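Contents: one structure, followed by commentary.
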Number of protein chains: 2
Amino acid sequence: MANKPTKTAIRFTREADFPAWYQEVVKEADMAENSGVRGCMVIKPWGYGIWELLQRRLDRRIKETGHQNCYFPLFIPLELIEKEAAHVEGFAKEMAVVTHHRLVAKDGKLVPAGELESPLVVRPTSETMIGESFAKWVRSYRDLPVLINQWANVVRWEMRPRVFLRTSEFLWQEGHTAHADEAEARAETATMLEVYRDLAENWLAIPVIPGEKSESERFPGAVETHTIEAMMQDGKALQAGTSHYLGQNFAHAANIKFQDAEGGESYCHTTSWGVSTRMIGAMIMTHGDDDGLRVPPTVAPYQVVILPIARDEEAAARVLPAADELAARISDTVAFGDVVRVHVDKRDMNAGEKRWSWIKKGAPIILELGPRDLDQGTVMVTKRTDIQGKAPQTTDEFAATVKAQLQGIQDQLFAEAKAYRASRVRADITDLAGLKAFFADESHANGGFVRAYWDESTASEEILKEMAVTVRCLPYDQPETGGICVVTGNPAAKQAIFAKAY
Amino acid sequence: MANKPTKTAIRFTREADFPAWYQEVVKEADMAENSGVRGCMVIKPWGYGIWELLQRRLDRRIKETGHQNCYFPLFIPLELIEKEAAHVEGFAKEMAVVTHHRLVAKDGKLVPAGELESPLVVRPTSETMIGESFAKWVRSYRDLPVLINQWANVVRWEMRPRVFLRTSEFLWQEGHTAHADEAEARAETATMLEVYRDLAENWLAIPVIPGEKSESERFPGAVETHTIEAMMQDGKALQAGTSHYLGQNFAHAANIKFQDAEGGESYCHTTSWGVSTRMIGAMIMTHGDDDGLRVPPTVAPYQVVILPIARDEEAAARVLPAADELAARISDTVAFGDVVRVHVDKRDMNAGEKRWSWIKKGAPIILELGPRDLDQGTVMVTKRTDIQGKAPQTTDEFAATVKAQLQGIQDQLFAEAKAYRASRVRADITDLAGLKAFFADESHANGGFVRAYWDESTASEEILKEMAVTVRCLPYDQPETGGICVVTGNPAAKQAIFAKAY
C-alpha cells in the first residue's frame with residue numbers, strides 16, 4: 001500500500017478498461033451497488049451524501065428562481081399518458097406497468113390478484129400528471145405563471161443498466177412550469193439551463209457545453225430541448241441536465257388554458273427541466289483517477305478526514321482527544337456557504353489501509369495525526385488532488401487556511417477537467433472521412449468531441465447513427481458566419497458537437 | 001368577511017361534521033388535493049412546505065443519533081418478500097404489483113407488454129430490500145451496528161383513501177438498523193420513539209402518549225411495536241409514529257448474520273421505525289379551528305405574512321417598499337434555529353379576502369401595513385391563535401419581539417392541545433358497560449381516550465373490535481400496582497389507552 005507511482009489503488013486503470021475502472025471506483029468508494037432488482041441500485045451513505053449536497057444547492061437555486069416544491073403521484077393512468085402521442089411513444093418501450101393491487105396465495109405461492117380496471121404506469125417523468133393539475137389550477141392569466149418543482153423517483157425500464165448512469169429507477173428533480181406566452185416560457189427554459197450549467201461548473205467542477213438538441217435528440221413531445229453536455233475521461237459525452245420548451249403541445253393534451261386580460265381563451269406554454277442521480281456518474285467519470293474517486297469539496301460528505309495514528313493505548317489517550325479537538329476547531333470554518341464537514345475516523349484498522357480507503361472515497365483532505373505530530377504541533381496533510389505531495393503543516397496554519405485549501409482543490413479539479421476537455425475537442429475536422437477516422441479509433445488515447453459545421457439534416461443523422469456517433473448539441477456560442485457540413489458537405493448555418501455518448 | 005363570532009371561515013364546523021371540516025380545511029388552506037389516480041394525492045406548495053420543514057428537523061435528529069441516509073429500490077421481487085411469512089401476510093392485501101415493462105399499441109389502444117418473469121411489488125415498506133443489503137454488508141461484529149435511514153415514497157393500496165391520513169402512496173422516512181445483541185436493538189427502538197415524541201411535541205406541538213402496541217396492533221413480523229398516539233379534535237386517536245423491535249425474525253428471513261468476537265456465528269437483532277406525511281393530517285386535526293388551519297411556527301412555510309394595504313397607486317408607492325423593508329428587517333431574526341420566514345403578499349386582491357386566505361392557511365402572524373400605519377410607525381398584527389385580538393404594534397416593538405411572539409404562538413398551540421386532550425381522557429371507567437356507553441355516544445362532545453386496566457387478552461380485543469374500539473397502546477407510565485381489566489373483569493397488570501382511531 002505504499003505510494004509507488006506504478007501501482008494504483010483501483011484494480012483497473014482508466015486507460016486499460018474505462019468501464020471496469022468506473023465500476024471499481026464506485027465499489028471501492030462504497031457509493032452504491034446493484035440490488036436484487038434488475039436495473040435498480042442501492043445508493044449507500046457516501047453516494048447518497050453527495051446527492052444530498054447536490055440537492056441542497058440545486059433546491060436553493062430552484063427556490064431562488066421563484067419555484068415551489070410539490071409532490072405528484074407515482075402512478076399515471078394509461079388513458080392519461082396516451083393523450084400526448086409523441087410523448088407516450090417516446091417512453092412506451094421502457095414503462096413499468098402496475099396491473100394488480102394485491103397478492104393471494106395459490107398452490108402455496110403468492111400470485112397477483114385484484115386486477116385493476118385500467119393499468120397504471122409508474123412515472124417515467126411527470127408531464128402527464130402535473131399537466132392534469134395545471135389544467136385544474138389555471139383559470140385566468142392572474143394564475144400564471146405556475147412554477148413548480150418536485151424531487152422524486154422515476155422508472156424507465158433499462159435493458160443495459162449501469163449504476164448512476166442508466167438505472168431502471170433513478171432519483172431526480174423535475175421542474176414544470178406554465179406561462180401565458182411563448183417568450184416567457186422560452187426565458188424560463190433558458191433560466192433553468194443556466195441554473196444547471198452553474199450547478200455543473202461552479203458546484204460539481206464539471207465543465208459543460210450548453211446548447212440546443214437536434215430534432216432527433218429532443219425530449220418526446222418537446223418543441224426544443226436544451227442541454228448541458230460534459231466530457232467524460234474516455235472522451236465520451238454525457239448529457240448532464242436538460243431543459244425543455246414544450247410549446248403548447250402538453251397544454252393541448254391536458255387542456256391547460258386560461259382567460260387572458262381581454263377575456264379571450266389561450267393555451268399555456270409549458271416547460272420542464274430535470275437533473276438526476278446520473279450527475280453523480282458524471283462527477284465520477286470527470287474527476288476520478290486511477291486511485292479512485294475525487295469528490296469536489298462542495299459535495300464531499302466529509303471535506304476533511306482526520307486519522308488518529310496510535311500504536312498503543314498510551315498514544316491513543318493523547319491522540320484521540322487531540323483529533324476531536326482539531327475537528328471541533330476546523331468545524332467553525334465556513335466554506336462554500338456551510339460549516340466545514342470534518343470526520344474523525346476511529347476505526348480499529350491498519351493506518352495505511354485506512355488512509356487508502358479515504359483516498360479511494362475521494363475525501364478532499366486527509367489529515368494524519370500521531371504522537372510525533374502532536375509534539376511538533378503539526379498534522380500530515382494529504383490533498384486528494386496531490387496524494388504524492390503529502391506534507392506536514394502546523395496545526396495553526398492548517399486551521400487558518402483550510403477554507404482556502406478546500407477552495408484550491410475545488411479550483412484544481414475544475415481546471416484539470418477543463419484542460420482535459422480542451423485536449424480532446426477537435427475543431428479541425430472538416431469532412432466525413434476525417435470524422436469517421438476520428439471516431440473509428442477506439443483506443444483510450446483517442447476519441448473526444450468534434451466541433452464542426454452541421455446542416456441539421458435527418459439524412460446526416462442517419463449516417464452518424466451507423467458510426468454510433470450523435471449530435472450532442474448546437475452550442476450557444478457560434479461563429480458569426482456559416483460553413484460546410486462535416487457530414488454531408490452541404491451548406492450549414494451552425495456548428496454542432498459530435499461525440500459518442502453515454 | 002368581518003370577524004363576526006357567529007360566522008367562521010370554514011364551511012363546516014368541527015362540531016357539526018368533523019370529516020367534512022377536515023377536507024374543507026385542507027382545500028381552503030390549499031395544502032393538497034386528490035389526483036386522478038385513486039388514493040394518490042397531489043401535495044401542493046403549502047402542504048409540501050410544511051413537510052419539508054418537518055423533514056429538515058427530523059433528518060437532523062436522525063443524523064445526530066448516528067444514522068446515515070441511503071436509498072433502496074422501489075420494487076421488491078415477489079420471491080424475496082415471501083421469505084418473512086407474517087410480514088407478507090400483513091401487507092398482501094394492499095400491494096401494487098408490476099407485471100409488465102412496456103406498452104404496445106393493439107387495436108388502436110396501448111396495452112401492457114413485456115411480461116416480467118416474476119412480478120415486482122411496489123414497496124409498502126422496505127424491510128425486505130434493506131434486509132437483503134444488510135445480509136451483504138454485515139460479516140463481522142466490527143460491521144455492527146448498521147444504522148440506516150431512507151426518505152422515500154411507499155404504496156399501500158387503500159380502499160377508503162383520505163388525504164394525508166390514508167393514501168395509496170405516501171411519503172415517509174424509514175429507519176432500519178442491525179445490531180449484535182438484543183439490548184442494543186431494544187435501546188435503538190426506544191431512542192427513535194423518543195425522537196418521534198420530541199418531534200411531535202416540541203416541533204409540531206402535538207401532545208402524544210408513548211407506549212407499546214398490543215399484539216394484534218403490531219407491525220407484521222415485529223416482536224414489539226412502540227407508538228406515539230395523538231388525540232384529534234373529534235376524540236379519535238391517530239398513530240403518529242412507530243418504532244419496531246423486530247427481534248431476529250427479519251434477520252433469519254434475510255440471513256443477516258455475523259461472526260462475533262469469539263468466532264461464533266449469530267443472527268442480528270434488527271429494528272425499523274417510520275414517520276410519514278400522515279403527521280400532517282395529525283397536525284391539521286390537532287390545531288385547526290373553525291376558521292381553518294393553524295400551523296405551528298416551527299413548520300410554517302411563512303411565519304409572518306405582510307399584507308400591504310393600498311387603495312391607489314400613490315399609497316402603493318409608499319406601502320410596497322415599506323413592506324419589503326419590514327420583511328428584510330424581520331428576516332434577520334433567528335427563531336427555532338432558522339431565520340424567520342417572511343412573505344410579502346402583493347397579489348392584486350381584495351384586502352379582506354387576502355387576510356382571510358392567510359387565516360385559512362394558518363400563517364402564525366399576519367401583518368397589515370397601510371398608509372396610516374406608516375404615518376404612525378405601526379403595523380396591525382393578527383396572531384392566528386387570537387384572530388379577534390387584531391391590534392396595532394409599533395414596528396420597532398414588533399421587530400424586537402417577533403421571535404418571542406412566534407414562540408408564544410407555538411407554546412399556546414401546544415398548551416391548547418394538551419388542555420383539549422386532558423378534557424377528553426377518562427380514567428374513571430372501570431367496566432365494560434361503562435366503556436360501551438362511553439364509545440356508543442358518537443356526538444362530537446363525546447368520545448375520547450379511556451385509560452383503564454387491561455388484561456392483554458385476545459378475547460378482550462375481539463369484544464373491543466365489535467365496538468370499533470382499539471387498544472392504542474400500553475403507556476410507558478404505569479401505576480405501581482395492577483387492577484381489574486375494564487373489558488373482562490379479570491386481573492390485569494397494566495393500564496391501556498382505549499379509543500376509536502384513524
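Each chain of the C-alpha cells is named A, B, ... in the order shown, its residues numbered from 1; ligands are numbered from 1 in display order.
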Inset, instruction - For chain B, list the residues within 6 Å of chain A, counting only C-alpha atoms, and write the list as a list in words. - result: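 Within 6 Å of chain A on chain B, we get Cys40, Val42, Ile43, Lys44, Pro45, Tyr48, Gln68, Asn69, Cys70, Tyr71, Phe72, Pro73, Ala92, Lys93, Glu94, Met95, Ala96, Val97, Val98, His100, His101, Arg102 and Leu103 of chain B.
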Inset, instruction - Would you mind listing what lies within 12 Å of Phe498 (chain B) as number ranges by chain, with only C-alpha atoms counted and same-chain residues fewer than 6 positions away left out? - result: B: 209, 213-214, 229, 231, 235-238, 424-427, 429, 432, 435-436, 438-439, 447-454, 456, 460-461, 464-465, 467-475, 485-487
Inset, instruction - Find the residues near Ser266 (chain A): any atom within 8 Å, counting only C-alpha atoms, skip ones fewer than 4 places away on the same chain, and give them as a PyMOL selection string. - result: chain A and resi 180+257-260
Produce a file of the selected residues containing C-alpha atoms, as a PDB file, in the first residue's frame.
ATOM      1  CA  ALA A 180     -49.132  32.920 -20.598  1.00  0.00           C
ATOM      2  CA  LYS A 257     -55.857  27.028 -20.828  1.00  0.00           C
ATOM      3  CA  PHE A 258     -56.580  30.438 -19.355  1.00  0.00           C
ATOM      4  CA  GLN A 259     -58.646  33.514 -19.856  1.00  0.00           C
ATOM      5  CA  ASP A 260     -56.400  36.399 -20.831  1.00  0.00           C
TER       6      ASP A 260
END
Inset, instruction - Tell me, as a PyMOL selection string, which residues lie within 10 Å of His343 (chain A), counting only C-alpha atoms; anything in the same chain fewer than 6 positions away does not count. - result: chain A and resi 301-307+323-324+327-328+331+366
Legend entry - Atomic separation - CA of Asp143 (chain B) relative to CA of Phe12 (chain A), Å: 27.0 Å
Inset, instruction - Would you list, as a count of residues only, the residues of region 19-115 of chain A that end up in helix (DSSP H, G or I) under DSSP run on this structure's backbone? - result: 44
Legend entry - Between CA of Ala178 (chain A) and CA of Val208 (chain A), distance in Å (one decimal): 27.4 Å
Inset, instruction - Would you mind telling me which residue in A:Pro371, A:Gly175, A:Gly241, A:Gly131 lies nearest to Cys268 (chain A) when using only C-alpha atoms? - result: A:Gly131
Legend entry - Which of region 125-341 of chain B DSSP labels strand (DSSP E or B), written as JSON, numbers by chain: {"B": [140, 146, 147, 148, 149, 150, 151, 152, 153, 154, 155, 162, 166, 169, 170, 171, 172, 173, 174, 175, 176, 177, 178, 179, 208, 209, 210, 211, 212, 224, 225, 226, 227, 228, 229, 230, 231, 237, 238, 239, 240, 241, 242, 243, 244, 245, 257, 258, 259, 265, 266, 267, 269, 270, 271, 272, 273, 274, 275, 276, 289, 292, 304, 305, 306, 307, 308, 334, 335, 338, 339]}
Inset, instruction - Rounded to one decimal place, report the CA of Ile359 (chain A)-CA of Gly288 (chain A) distance in Å. - result: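 Separation of CA of Ile359 (chain A) and CA of Gly288 (chain A): 10.6 Å.
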Legend entry - Pick from A:His287, A:Lys403, A:His252, A:His176 nearest to Pro145 (chain A), counting only C-alpha atoms: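 Answer, going by the shortest atom-to-atom distance: A:His176.
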Legend entry - Contact residues around Gly274 (chain B) with only C-alpha atoms at 7 Å, ignoring same-chain residues under 6 positions, as a count of residues only: 7
